[in-house]
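Enquirer: Structure file entry12.csv, CSV, C-alpha atoms, is pasted below:
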chain,number,residue,atom,x,y,z
A,24,MET,CA,98.8,-64.0,-109.4
A,25,THR,CA,96.2,-64.4,-106.8
A,26,ASP,CA,96.4,-63.0,-103.2
A,27,PRO,CA,97.0,-65.6,-100.6
A,28,ILE,CA,94.1,-66.3,-98.4
A,29,SER,CA,94.7,-65.1,-94.8
A,30,PRO,CA,93.9,-67.7,-92.3
A,31,THR,CA,91.1,-67.0,-89.8
A,32,PRO,CA,92.4,-66.4,-86.3
A,33,PRO,CA,91.3,-69.0,-83.7
A,34,GLY,CA,88.0,-68.0,-82.0
A,35,ALA,CA,87.2,-65.3,-84.6
A,36,PRO,CA,83.9,-65.6,-86.5
A,37,GLY,CA,84.1,-67.2,-89.8
A,38,PRO,CA,83.7,-65.3,-93.0
A,39,THR,CA,80.2,-63.9,-93.8
A,40,PRO,CA,78.5,-65.9,-96.4
A,41,LEU,CA,78.1,-64.3,-99.8
A,42,GLY,CA,75.0,-62.0,-99.9
A,43,LYS,CA,74.5,-61.9,-96.0
A,44,VAL,CA,76.4,-58.7,-95.3
A,45,PRO,CA,74.4,-56.8,-92.4
A,46,ASP,CA,72.8,-53.4,-93.2
A,47,PRO,CA,73.6,-50.9,-90.4
A,48,HIS,CA,70.8,-48.6,-91.5
A,49,LYS,CA,68.0,-51.2,-91.5
A,50,ALA,CA,67.0,-50.8,-87.8
A,51,SER,CA,67.1,-47.0,-88.2
A,52,ARG,CA,64.7,-47.2,-91.2
A,53,ARG,CA,62.2,-49.3,-89.1
A,54,ALA,CA,62.4,-46.7,-86.3
A,55,ASN,CA,61.6,-43.9,-88.7
A,56,HIS,CA,58.7,-45.6,-90.3
A,57,PRO,CA,55.6,-43.2,-90.2
A,58,LEU,CA,53.4,-45.6,-88.4
A,59,VAL,CA,56.0,-46.1,-85.7
A,60,VAL,CA,56.6,-42.4,-85.3
A,61,ALA,CA,52.8,-41.7,-85.2
A,62,GLY,CA,52.3,-44.4,-82.6
A,63,SER,CA,55.1,-43.0,-80.5
A,64,MET,CA,53.6,-39.6,-80.7
A,65,VAL,CA,50.1,-40.8,-79.8
A,66,PHE,CA,51.5,-42.8,-76.8
A,67,THR,CA,53.4,-39.7,-75.7
A,68,LEU,CA,50.4,-37.5,-76.0
A,69,LEU,CA,48.3,-40.0,-74.2
A,70,ILE,CA,50.7,-40.0,-71.3
A,71,VAL,CA,50.8,-36.2,-71.3
A,72,ALA,CA,47.0,-36.1,-71.4
A,73,ILE,CA,46.7,-38.6,-68.5
A,74,VAL,CA,49.1,-36.5,-66.5
A,75,LEU,CA,47.5,-33.2,-67.3
A,76,GLY,CA,44.0,-34.6,-67.0
A,77,GLY,CA,44.8,-36.1,-63.6
A,78,GLY,CA,46.2,-32.8,-62.5
A,79,ALA,CA,43.2,-30.9,-63.8
A,80,LEU,CA,40.9,-33.4,-62.2
A,81,TRP,CA,42.7,-33.1,-58.9
A,82,ILE,CA,42.6,-29.3,-59.1
A,83,GLY,CA,38.9,-29.3,-60.2
A,84,LYS,CA,38.0,-31.7,-57.3
A,85,THR,CA,39.8,-29.4,-54.9
A,86,ARG,CA,38.0,-26.3,-56.2
A,87,TYR,CA,34.7,-28.3,-56.2
A,88,TYR,CA,34.8,-28.9,-52.5
A,89,ALA,CA,36.6,-25.7,-51.5
A,90,PRO,CA,34.7,-22.9,-49.7
A,91,GLY,CA,33.3,-20.3,-52.1
A,92,PRO,CA,33.8,-16.6,-52.2
A,93,LEU,CA,30.5,-15.5,-50.4
A,94,ALA,CA,31.2,-13.6,-47.3
A,95,GLN,CA,27.7,-13.9,-46.0
A,96,ASP,CA,24.3,-15.5,-46.9
A,97,LYS,CA,22.8,-14.3,-50.2
A,98,ALA,CA,19.6,-14.9,-52.1
A,99,VAL,CA,19.7,-15.3,-55.8
A,100,ILE,CA,16.9,-15.7,-58.3
A,101,VAL,CA,17.4,-18.3,-61.1
A,102,PRO,CA,15.1,-17.5,-64.0
A,103,ASN,CA,13.0,-20.3,-65.6
A,104,ASP,CA,14.7,-20.2,-69.0
A,105,TYR,CA,18.3,-20.3,-67.8
A,106,GLY,CA,20.6,-23.2,-68.9
A,107,VAL,CA,23.8,-24.4,-67.1
A,108,MET,CA,26.0,-21.7,-68.7
A,109,ASP,CA,23.6,-18.9,-67.9
A,110,ILE,CA,23.3,-20.1,-64.3
A,111,ALA,CA,27.1,-20.3,-64.1
A,112,ASP,CA,27.4,-16.7,-65.4
A,113,LEU,CA,24.7,-15.5,-62.9
A,114,LEU,CA,26.4,-17.2,-59.9
A,115,LEU,CA,29.8,-15.8,-60.9
A,116,LYS,CA,28.3,-12.3,-61.3
A,117,GLN,CA,26.5,-12.6,-57.9
A,118,GLY,CA,29.7,-13.7,-56.2
A,119,VAL,CA,28.4,-17.1,-55.2
A,120,ILE,CA,31.1,-19.0,-57.2
A,121,ASP,CA,34.5,-17.8,-58.5
A,122,ASP,CA,35.2,-20.4,-61.1
A,123,LYS,CA,32.6,-20.7,-63.9
A,124,TRP,CA,34.2,-23.7,-65.6
A,125,VAL,CA,34.6,-25.8,-62.5
A,126,PHE,CA,30.9,-25.2,-61.9
A,127,VAL,CA,30.0,-26.2,-65.5
A,128,GLY,CA,32.3,-29.2,-65.5
A,129,ALA,CA,31.0,-30.4,-62.2
A,130,ALA,CA,27.4,-29.9,-63.4
A,131,VAL,CA,28.0,-31.9,-66.5
A,132,GLY,CA,30.3,-34.5,-64.9
A,133,THR,CA,27.7,-35.3,-62.2
A,134,ARG,CA,24.8,-35.2,-64.6
A,135,ALA,CA,23.3,-32.4,-62.7
A,136,SER,CA,23.1,-29.9,-65.6
A,137,SER,CA,19.6,-31.1,-66.6
A,138,LYS,CA,18.4,-31.1,-63.0
A,139,LEU,CA,19.0,-27.5,-62.0
A,140,LYS,CA,15.7,-25.9,-61.0
A,141,ALA,CA,14.6,-22.3,-61.3
A,142,GLY,CA,13.6,-20.3,-58.3
A,143,GLU,CA,15.0,-18.1,-55.5
A,144,TYR,CA,17.7,-19.8,-53.5
A,145,ALA,CA,19.5,-18.9,-50.3
A,146,PHE,CA,23.2,-19.7,-50.5
A,147,ALA,CA,25.1,-19.7,-47.2
A,148,GLY,CA,28.3,-17.8,-46.9
A,149,GLY,CA,31.3,-19.8,-48.1
A,150,SER,CA,29.2,-22.3,-50.0
A,151,SER,CA,31.3,-24.6,-52.1
A,152,ILE,CA,30.4,-25.4,-55.7
A,153,GLN,CA,29.3,-28.8,-54.5
A,154,GLN,CA,26.9,-27.2,-52.0
A,155,VAL,CA,25.7,-24.7,-54.6
A,156,LEU,CA,24.9,-27.5,-57.1
A,157,SER,CA,23.2,-29.6,-54.4
A,158,THR,CA,21.0,-26.6,-53.5
A,159,LEU,CA,20.0,-26.0,-57.2
A,160,VAL,CA,19.2,-29.6,-57.8
A,161,SER,CA,17.2,-30.0,-54.6
A,162,GLY,CA,14.7,-27.3,-55.7
A,163,LYS,CA,14.5,-26.1,-52.0
A,164,VAL,CA,13.7,-22.5,-52.9
A,165,LEU,CA,13.1,-19.7,-50.4
A,166,GLU,CA,9.7,-19.5,-48.9
A,167,TYR,CA,7.9,-16.5,-47.4
A,168,THR,CA,5.0,-16.5,-45.0
A,169,VAL,CA,1.8,-14.6,-45.6
A,170,THR,CA,-0.3,-14.3,-42.5
A,171,ILE,CA,-4.0,-13.5,-42.9
A,172,PRO,CA,-5.7,-12.8,-39.5
A,173,GLU,CA,-9.1,-14.2,-38.7
A,174,GLY,CA,-12.1,-12.1,-39.1
A,175,LEU,CA,-10.9,-9.9,-42.0
A,176,THR,CA,-13.3,-9.2,-44.8
A,177,SER,CA,-12.5,-10.3,-48.3
A,178,ASP,CA,-11.8,-6.7,-49.3
A,179,GLN,CA,-9.3,-6.4,-46.4
A,180,ILE,CA,-7.6,-9.7,-47.3
A,181,VAL,CA,-7.2,-8.6,-50.9
A,182,GLU,CA,-5.6,-5.4,-49.6
A,183,ARG,CA,-3.1,-7.4,-47.5
A,184,VAL,CA,-2.3,-9.7,-50.4
A,185,LEU,CA,-1.6,-6.8,-52.7
A,186,GLU,CA,0.9,-5.5,-50.2
A,187,VAL,CA,3.0,-8.6,-50.2
A,188,ALA,CA,6.0,-7.7,-52.5
A,189,GLU,CA,7.1,-11.3,-53.1
A,190,LEU,CA,3.8,-12.1,-54.8
A,191,SER,CA,3.0,-11.2,-58.4
A,192,GLY,CA,0.1,-10.1,-60.6
A,193,GLY,CA,-3.1,-8.4,-59.6
A,194,VAL,CA,-6.5,-9.5,-58.3
A,195,ARG,CA,-9.3,-9.4,-60.9
A,196,GLN,CA,-12.2,-9.8,-58.5
A,197,VAL,CA,-12.6,-9.8,-54.7
A,198,PRO,CA,-13.6,-13.3,-53.6
A,199,ARG,CA,-17.0,-13.9,-52.1
A,200,GLU,CA,-17.2,-12.9,-48.4
A,201,GLY,CA,-16.5,-15.8,-46.1
A,202,SER,CA,-15.0,-18.0,-48.8
A,203,LEU,CA,-11.3,-17.6,-47.7
A,204,MET,CA,-9.6,-19.4,-44.8
A,205,PRO,CA,-7.4,-17.1,-42.6
A,206,ASP,CA,-4.1,-18.7,-41.8
A,207,THR,CA,-0.4,-18.5,-42.4
A,208,TYR,CA,0.6,-19.6,-45.9
A,209,LYS,CA,4.0,-20.3,-47.3
A,210,VAL,CA,4.7,-18.9,-50.8
A,211,THR,CA,7.7,-18.6,-53.1
A,212,ARG,CA,8.7,-15.4,-54.8
A,213,GLY,CA,6.7,-14.9,-57.9
A,214,THR,CA,3.6,-16.8,-56.7
A,215,SER,CA,0.6,-15.1,-58.2
A,216,ARG,CA,-1.9,-13.4,-55.9
A,217,GLU,CA,-4.7,-15.1,-57.7
A,218,ASP,CA,-3.1,-18.5,-56.9
A,219,LEU,CA,-2.8,-17.7,-53.2
A,220,LEU,CA,-6.5,-16.6,-53.0
A,221,ARG,CA,-7.5,-19.8,-54.8
A,222,ARG,CA,-5.4,-21.8,-52.3
A,223,MET,CA,-7.1,-20.0,-49.4
A,224,ALA,CA,-10.5,-20.8,-50.9
A,225,ARG,CA,-9.6,-24.5,-51.3
A,226,THR,CA,-8.5,-24.6,-47.7
A,227,GLN,CA,-11.7,-23.1,-46.6
A,228,ASP,CA,-13.8,-25.5,-48.6
A,229,ALA,CA,-12.0,-28.5,-47.2
A,230,THR,CA,-12.0,-27.2,-43.6
A,231,LEU,CA,-15.7,-26.3,-43.8
A,232,LYS,CA,-16.6,-29.7,-45.2
A,233,GLU,CA,-14.8,-31.4,-42.3
A,234,ILE,CA,-16.3,-29.3,-39.6
A,235,TRP,CA,-19.8,-29.4,-40.9
A,236,ALA,CA,-19.7,-33.2,-40.9
A,237,LYS,CA,-18.9,-33.1,-37.2
A,238,ARG,CA,-21.4,-30.5,-36.2
A,239,ASP,CA,-23.8,-30.8,-33.2
A,240,PRO,CA,-26.9,-32.4,-34.7
A,241,GLU,CA,-29.1,-30.1,-32.8
A,242,LEU,CA,-27.6,-27.0,-34.4
A,243,PRO,CA,-30.3,-24.7,-35.8
A,244,LEU,CA,-28.3,-24.1,-39.0
A,245,LYS,CA,-29.5,-25.5,-42.3
A,246,SER,CA,-26.3,-25.4,-44.3
A,247,PRO,CA,-22.5,-25.0,-44.2
A,248,GLU,CA,-23.1,-21.5,-45.5
A,249,GLU,CA,-25.2,-20.6,-42.5
A,250,LEU,CA,-22.4,-22.0,-40.3
A,251,VAL,CA,-19.9,-19.6,-41.9
A,252,ILE,CA,-22.3,-16.7,-41.4
A,253,LEU,CA,-22.7,-17.3,-37.7
A,254,ALA,CA,-19.0,-18.2,-37.2
A,255,SER,CA,-18.1,-14.8,-38.8
A,256,ILE,CA,-20.2,-13.1,-36.1
A,257,VAL,CA,-18.6,-15.1,-33.3
A,258,GLU,CA,-15.2,-14.3,-34.7
A,259,LYS,CA,-15.9,-10.5,-34.5
A,260,GLU,CA,-17.4,-10.7,-31.0
A,261,THR,CA,-14.5,-12.1,-29.1
A,262,GLY,CA,-10.8,-12.4,-29.2
A,263,VAL,CA,-10.6,-14.8,-26.3
A,264,PRO,CA,-10.2,-18.3,-27.6
A,265,GLU,CA,-11.7,-19.9,-24.5
A,266,GLU,CA,-14.9,-17.9,-25.0
A,267,ARG,CA,-15.7,-18.8,-28.5
A,268,THR,CA,-17.9,-21.8,-27.7
A,269,GLU,CA,-19.9,-19.8,-25.1
A,270,VAL,CA,-20.3,-16.8,-27.4
A,271,ALA,CA,-21.5,-19.2,-30.1
A,272,ALA,CA,-23.9,-20.7,-27.6
A,273,VAL,CA,-25.5,-17.3,-26.9
A,274,PHE,CA,-26.3,-16.8,-30.6
A,275,VAL,CA,-27.5,-20.4,-31.0
A,276,ASN,CA,-29.8,-20.1,-28.0
A,277,ARG,CA,-31.2,-16.8,-29.5
A,278,LEU,CA,-31.8,-18.5,-32.8
A,279,ASN,CA,-33.7,-21.3,-31.1
A,280,LYS,CA,-35.8,-18.8,-29.3
A,281,LYS,CA,-36.4,-16.7,-32.4
A,282,MET,CA,-34.7,-13.7,-30.8
A,283,ARG,CA,-32.7,-11.1,-32.6
A,284,LEU,CA,-28.9,-11.7,-32.5
A,285,GLN,CA,-28.2,-8.0,-31.6
A,286,SER,CA,-24.6,-8.1,-32.6
A,287,ASP,CA,-22.8,-4.8,-33.0
A,288,PRO,CA,-20.3,-6.0,-35.7
A,289,THR,CA,-23.3,-6.8,-38.0
A,290,ILE,CA,-24.4,-3.1,-37.7
A,291,ILE,CA,-20.9,-2.0,-38.7
A,292,TYR,CA,-20.7,-4.4,-41.7
A,293,GLY,CA,-24.1,-3.2,-42.9
A,294,LEU,CA,-22.8,0.4,-42.8
A,295,VAL,CA,-19.4,-0.2,-44.5
A,296,ARG,CA,-20.2,-3.4,-46.4
A,297,GLY,CA,-16.7,-4.8,-45.5
A,298,LYS,CA,-14.8,-2.0,-47.1
A,299,GLY,CA,-12.7,-0.8,-44.2
A,300,ARG,CA,-13.7,0.1,-40.6
A,301,LEU,CA,-16.2,2.5,-39.1
A,302,GLU,CA,-14.0,5.2,-37.8
A,303,ARG,CA,-16.5,6.3,-35.1
A,304,PRO,CA,-18.6,4.9,-32.4
A,305,LEU,CA,-22.0,3.4,-33.2
A,306,THR,CA,-24.9,5.7,-32.5
A,307,ARG,CA,-28.5,4.9,-31.5
A,308,THR,CA,-29.5,5.9,-35.0
A,309,ASP,CA,-27.1,3.3,-36.4
A,310,ILE,CA,-28.6,0.6,-34.1
A,311,SER,CA,-32.2,1.4,-35.1
A,312,THR,CA,-31.6,1.9,-38.8
A,313,PRO,CA,-32.4,-1.2,-40.8
A,314,THR,CA,-29.8,-2.8,-43.2
A,315,PRO,CA,-29.8,-6.3,-44.5
A,316,PHE,CA,-27.0,-7.1,-42.0
A,317,ASN,CA,-28.3,-5.2,-38.9
A,318,THR,CA,-29.2,-8.0,-36.5
A,319,TYR,CA,-30.8,-5.5,-34.1
A,320,THR,CA,-33.5,-5.0,-36.8
A,321,ILE,CA,-33.7,-8.4,-38.6
A,322,PRO,CA,-35.0,-11.4,-36.8
A,323,ALA,CA,-32.6,-14.0,-38.2
A,324,LEU,CA,-29.1,-14.5,-39.6
A,325,PRO,CA,-27.8,-11.8,-42.0
A,326,PRO,CA,-27.8,-12.8,-45.7
A,327,GLY,CA,-24.1,-13.5,-45.7
A,328,PRO,CA,-20.9,-13.5,-43.6
A,329,ILE,CA,-19.5,-10.3,-42.2
A,330,GLY,CA,-15.9,-11.5,-42.6
A,331,ASN,CA,-13.8,-14.6,-43.0
A,332,PRO,CA,-13.9,-16.7,-39.8
A,333,GLY,CA,-10.9,-18.9,-38.8
A,334,ARG,CA,-11.0,-22.6,-38.1
A,335,ALA,CA,-11.4,-22.1,-34.3
A,336,SER,CA,-14.5,-20.0,-34.7
A,337,LEU,CA,-16.0,-22.5,-37.2
A,338,GLU,CA,-15.4,-25.3,-34.8
A,339,ALA,CA,-16.8,-23.4,-31.8
A,340,THR,CA,-20.0,-22.5,-33.8
A,341,ALA,CA,-20.4,-26.1,-35.0
A,342,ARG,CA,-20.2,-27.4,-31.5
A,343,PRO,CA,-21.2,-24.6,-29.1
A,344,ALA,CA,-21.1,-24.9,-25.3
A,345,LYS,CA,-24.2,-26.3,-23.6
A,346,THR,CA,-25.4,-23.2,-21.8
A,347,LYS,CA,-28.6,-21.3,-21.5
A,348,SER,CA,-26.9,-17.9,-21.8
A,349,LEU,CA,-28.7,-15.3,-23.9
A,350,TYR,CA,-26.5,-12.2,-23.3
A,351,PHE,CA,-22.9,-11.2,-22.8
A,352,VAL,CA,-21.0,-7.9,-22.2
A,353,ALA,CA,-17.4,-7.0,-21.6
A,354,ASP,CA,-16.3,-7.6,-18.0
A,355,GLY,CA,-13.3,-5.3,-17.9
A,356,SER,CA,-10.7,-8.0,-17.9
A,357,GLY,CA,-10.6,-8.5,-21.7
A,358,GLY,CA,-13.3,-11.2,-21.5
A,359,HIS,CA,-17.1,-11.2,-21.2
A,360,ALA,CA,-19.7,-11.7,-18.5
A,361,PHE,CA,-22.5,-14.0,-19.7
A,362,ALA,CA,-26.1,-14.0,-18.4
A,363,GLU,CA,-29.3,-16.1,-18.9
A,364,THR,CA,-31.7,-13.3,-18.0
A,365,LEU,CA,-32.1,-9.7,-19.1
A,366,ASP,CA,-32.0,-8.6,-15.4
A,367,GLN,CA,-28.7,-10.3,-14.8
A,368,HIS,CA,-27.4,-8.9,-18.1
A,369,ASN,CA,-28.4,-5.4,-17.1
A,370,LYS,CA,-26.4,-5.8,-13.9
A,371,ASN,CA,-23.4,-7.0,-15.9
A,372,VAL,CA,-23.8,-3.9,-18.2
A,373,ALA,CA,-23.9,-1.6,-15.1
A,374,ARG,CA,-20.7,-3.1,-13.8
A,375,TRP,CA,-19.1,-2.6,-17.2
A,376,ARG,CA,-20.1,1.0,-17.3
A,377,GLN,CA,-18.7,1.5,-13.8
A,378,VAL,CA,-15.4,0.0,-15.1
A,379,GLU,CA,-15.4,2.5,-17.9
A,380,ARG,CA,-16.1,5.4,-15.5
A,381,ASP,CA,-13.3,4.2,-13.2
A,382,ARG,CA,-11.0,4.2,-16.2
A,383,LYS,CA,-12.3,7.6,-17.1
A,384,VAL,CA,-13.2,6.4,-20.6
A,385,ASP,CA,-16.1,7.9,-22.3
A,386,PRO,CA,-18.3,4.9,-23.3
A,387,ALA,CA,-19.4,6.8,-26.5
A,388,ALA,CA,-15.8,7.0,-27.6
A,389,GLN,CA,-15.3,3.2,-27.4
A,390,PRO,CA,-15.0,1.6,-30.9
A,391,ALA,CA,-18.2,-0.4,-31.5
A,392,GLY,CA,-17.9,-4.1,-31.9
A,393,THR,CA,-14.8,-4.5,-29.7
A,394,SER,CA,-16.4,-4.8,-26.3
A,395,GLY,CA,-18.8,-7.6,-27.2
A,396,THR,CA,-21.9,-5.8,-25.9
A,397,THR,CA,-24.4,-8.1,-27.4
A,398,GLY,CA,-27.8,-7.2,-26.0
A,399,ALA,CA,-26.4,-4.3,-24.0
A,400,THR,CA,-28.9,-1.9,-25.4
A,401,ALA,CA,-31.6,-4.4,-25.8
A,402,VAL,CA,-34.8,-4.4,-23.8
A,403,ASP,CA,-36.0,-7.9,-24.6
What would you get if you wrote out this structure as structure tokens?

Expert:
Amino acid sequence: MTDPISPTPPGAPGPTPLGKVPDPHKASRRANHPLVVAGSMVFTLLIVAIVLGGGALWIGKTRYYAPGPLAQDKAVIVPNDYGVMDIADLLLKQGVIDDKWVFVGAAVGTRASSKLKAGEYAFAGGSSIQQVLSTLVSGKVLEYTVTIPEGLTSDQIVERVLEVAELSGGVRQVPREGSLMPDTYKVTRGTSREDLLRRMARTQDATLKEIWAKRDPELPLKSPEELVILASIVEKETGVPEERTEVAAVFVNRLNKKMRLQSDPTIIYGLVRGKGRLERPLTRTDISTPTPFNTYTIPALPPGPIGNPGRASLEATARPAKTKSLYFVADGSGGHAFAETLDQHNKNVARWRQVERDRKVDPAAQPAGTSGTTGATAVD
């Protein structure tokens, strides 16, 4: 006997067709599919990475612009063969930065890692990593000044260059006398001394060429070399800038008249040959003893310069004052008294001697070549 068929209540769904019974585990199987799980994990990791990366970027950016640990200005030398990691380690060790990885990340992220330049840099106190990187990329290394006074001999210049601690290397050979331009030069730490001397020589060549082209056409000098010789004497004879053209005129006038130049500094150079100073006054024996440079005994220019004249003396010698003066002597004020005749010159010398007596200074104790007594002992 068969069971009776129960009627379907009104509003209830009809019977499920044969073979269409829903599988309650089907959706679960789809959710656990390896591809779905992997995709979900990747998405989650991506979200986490974005969050963490954003946080790291924010922190890195904050550290990038934040003031650094330096309490005061500091100079640091970055060697030539250092890469970005080496530089980061160096700056960390020197206390310029306090986060190596922010520095490296910033250098790489801003494409500055390949632009960092070697040299000695000055970092201001509190410099941020951004400022440190900017300084290293700029290549604005520390510069030092080397001042070479006018009138020094080449030997004396080499001595000064050797004393500059920021320079490197030695000097194989002392440059030719008169071939260097005295001036103030800017150098970086490690610049070779030979390079500086070559730079001084190039500057002198260019300056001399320029001045020679503008010389007085009536100048009794045959070559730029003779201009340097005479300018070196002018340089030694006066330290008063306004007098240079007049002192040059005295020597030019003497050359035109075939008179001896009678310059004390040429005697000294002939005695020491540019190697130091004569640590005593000149004597009458010195004045009368011939040397190739003693212009009291030779009737012309000496065979070479007695020092390295500066630009001002070269210009003054190239275009001397238009005077007839043949003599000059110290006047007691730091300058000189000029004269056209020997009689007037002897009177000027007498006044100078009186000044010396009034000052109770023994004339024989005065260093030669500092008073500009050209012709003071002459009896032309």

Enquirer: Contacts of range 187-192 of chain A at 10 Å or less, counting only C-alpha atoms, minus same-chain residues fewer than 2 places along, as a list in words?

Expert: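 Within the cut-off, the hits are Glu166, Tyr167, Thr168, Val169, Glu182, Arg183, Val184, Leu185, Val194, Arg195, Val210, Thr211, Arg212, Gly213, Thr214, Ser215, Arg216, Glu217, Asp218 and Leu219 of chain A.
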
Enquirer: Take the residues that were just selected and, keeping C-alpha atoms, output them as an mmCIF file, in the coordinates of the input.

Expert:
data_model
loop_
_atom_site.group_PDB
_atom_site.id
_atom_site.type_symbol
_atom_site.label_atom_id
_atom_site.label_comp_id
_atom_site.auth_asym_id
_atom_site.auth_seq_id
_atom_site.Cartn_x
_atom_site.Cartn_y
_atom_site.Cartn_z
ATOM 1 C CA GLU A 166 9.700 -19.500 -48.900
ATOM 2 C CA TYR A 167 7.900 -16.500 -47.400
ATOM 3 C CA THR A 168 5.000 -16.500 -45.000
ATOM 4 C CA VAL A 169 1.800 -14.600 -45.600
ATOM 5 C CA GLU A 182 -5.600 -5.400 -49.600
ATOM 6 C CA ARG A 183 -3.100 -7.400 -47.500
ATOM 7 C CA VAL A 184 -2.300 -9.700 -50.400
ATOM 8 C CA LEU A 185 -1.600 -6.800 -52.700
ATOM 9 C CA VAL A 194 -6.500 -9.500 -58.300
ATOM 10 C CA ARG A 195 -9.300 -9.400 -60.900
ATOM 11 C CA VAL A 210 4.700 -18.900 -50.800
ATOM 12 C CA THR A 211 7.700 -18.600 -53.100
ATOM 13 C CA ARG A 212 8.700 -15.400 -54.800
ATOM 14 C CA GLY A 213 6.700 -14.900 -57.900
ATOM 15 C CA THR A 214 3.600 -16.800 -56.700
ATOM 16 C CA SER A 215 0.600 -15.100 -58.200
ATOM 17 C CA ARG A 216 -1.900 -13.400 -55.900
ATOM 18 C CA GLU A 217 -4.700 -15.100 -57.700
ATOM 19 C CA ASP A 218 -3.100 -18.500 -56.900
ATOM 20 C CA LEU A 219 -2.800 -17.700 -53.200
#

Enquirer: Using CA of Val275 in chain A and CA of Leu175 in chain A as the two end points, give the distance in Å to one decimal.

Expert: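 It comes out at 22.5 Å.
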
Enquirer: So that I can see what lies close to Leu301 in chain A, please list as a list in words the residues with an atom at most 8 Å from it, counting all atoms listed in the file and leaving out residues fewer than 5 positions away in the same chain.

Expert: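 Once the nearby chain positions are removed, what remains is Ile291, Leu294 and Val295 of chain A.
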
Enquirer: Compile the contact shell of Ala94 in chain A as a PyMOL selection string: residues with an atom at most 10 Å away, counting all atoms listed in the file, same-chain residues fewer than 4 positions apart removed.

Expert: chain A and resi 118-119+147-150

Enquirer: Please check which residues have atoms at most 10 Å from (-22.9, -9.4, -45.2) in the file's coordinates, counting all atoms listed in the file, and write them as JSON, numbers by chain.

Expert: {"A": [176, 200, 201, 252, 255, 289, 290, 292, 293, 295, 296, 297, 314, 315, 316, 317, 324, 325, 326, 327, 328, 329, 330]}

Enquirer: Kindly output range 322-333 of chain A as a short mmCIF file (atom, residue, chain, number, x, y, z; two decimals), in the coordinates of the input, after building N, CA, C and O atoms.

Expert:
data_model
loop_
_atom_site.label_atom_id
_atom_site.label_comp_id
_atom_site.auth_asym_id
_atom_site.auth_seq_id
_atom_site.Cartn_x
_atom_site.Cartn_y
_atom_site.Cartn_z
N PRO A 322 -34.77 -10.39 -37.75
CA PRO A 322 -35.00 -11.40 -36.80
C PRO A 322 -34.31 -12.76 -37.09
O PRO A 322 -34.79 -13.83 -36.69
N ALA A 323 -33.20 -12.71 -37.79
CA ALA A 323 -32.60 -14.00 -38.20
C ALA A 323 -31.09 -13.68 -38.50
O ALA A 323 -30.56 -12.61 -38.21
N LEU A 324 -30.46 -14.68 -39.12
CA LEU A 324 -29.10 -14.50 -39.60
C LEU A 324 -29.05 -13.44 -40.69
O LEU A 324 -30.00 -13.32 -41.46
N PRO A 325 -27.96 -12.72 -40.80
CA PRO A 325 -27.80 -11.80 -42.00
C PRO A 325 -27.72 -12.63 -43.24
O PRO A 325 -27.50 -13.86 -43.20
N PRO A 326 -27.83 -12.01 -44.39
CA PRO A 326 -27.80 -12.80 -45.70
C PRO A 326 -26.48 -13.34 -46.05
O PRO A 326 -26.41 -14.15 -46.98
N GLY A 327 -25.42 -12.94 -45.37
CA GLY A 327 -24.10 -13.50 -45.70
C GLY A 327 -23.14 -13.21 -44.55
O GLY A 327 -23.48 -12.54 -43.57
N PRO A 328 -21.93 -13.75 -44.63
CA PRO A 328 -20.90 -13.50 -43.60
C PRO A 328 -20.53 -12.08 -43.49
O PRO A 328 -20.66 -11.33 -44.45
N ILE A 329 -20.01 -11.69 -42.33
CA ILE A 329 -19.50 -10.30 -42.20
C ILE A 329 -17.98 -10.32 -42.12
O ILE A 329 -17.37 -9.34 -41.71
N GLY A 330 -17.40 -11.40 -42.54
CA GLY A 330 -15.90 -11.50 -42.60
C GLY A 330 -15.59 -12.97 -42.87
O GLY A 330 -16.45 -13.79 -43.21
N ASN A 331 -14.32 -13.29 -42.74
CA ASN A 331 -13.80 -14.60 -43.00
C ASN A 331 -13.39 -15.26 -41.67
O ASN A 331 -12.31 -14.93 -41.16
N PRO A 332 -14.21 -16.14 -41.10
CA PRO A 332 -13.90 -16.70 -39.80
C PRO A 332 -12.74 -17.75 -39.93
O PRO A 332 -12.58 -18.40 -40.97
N GLY A 333 -11.98 -17.91 -38.85
CA GLY A 333 -10.90 -18.90 -38.80
C GLY A 333 -11.48 -20.26 -38.40
O GLY A 333 -12.65 -20.41 -38.05
#
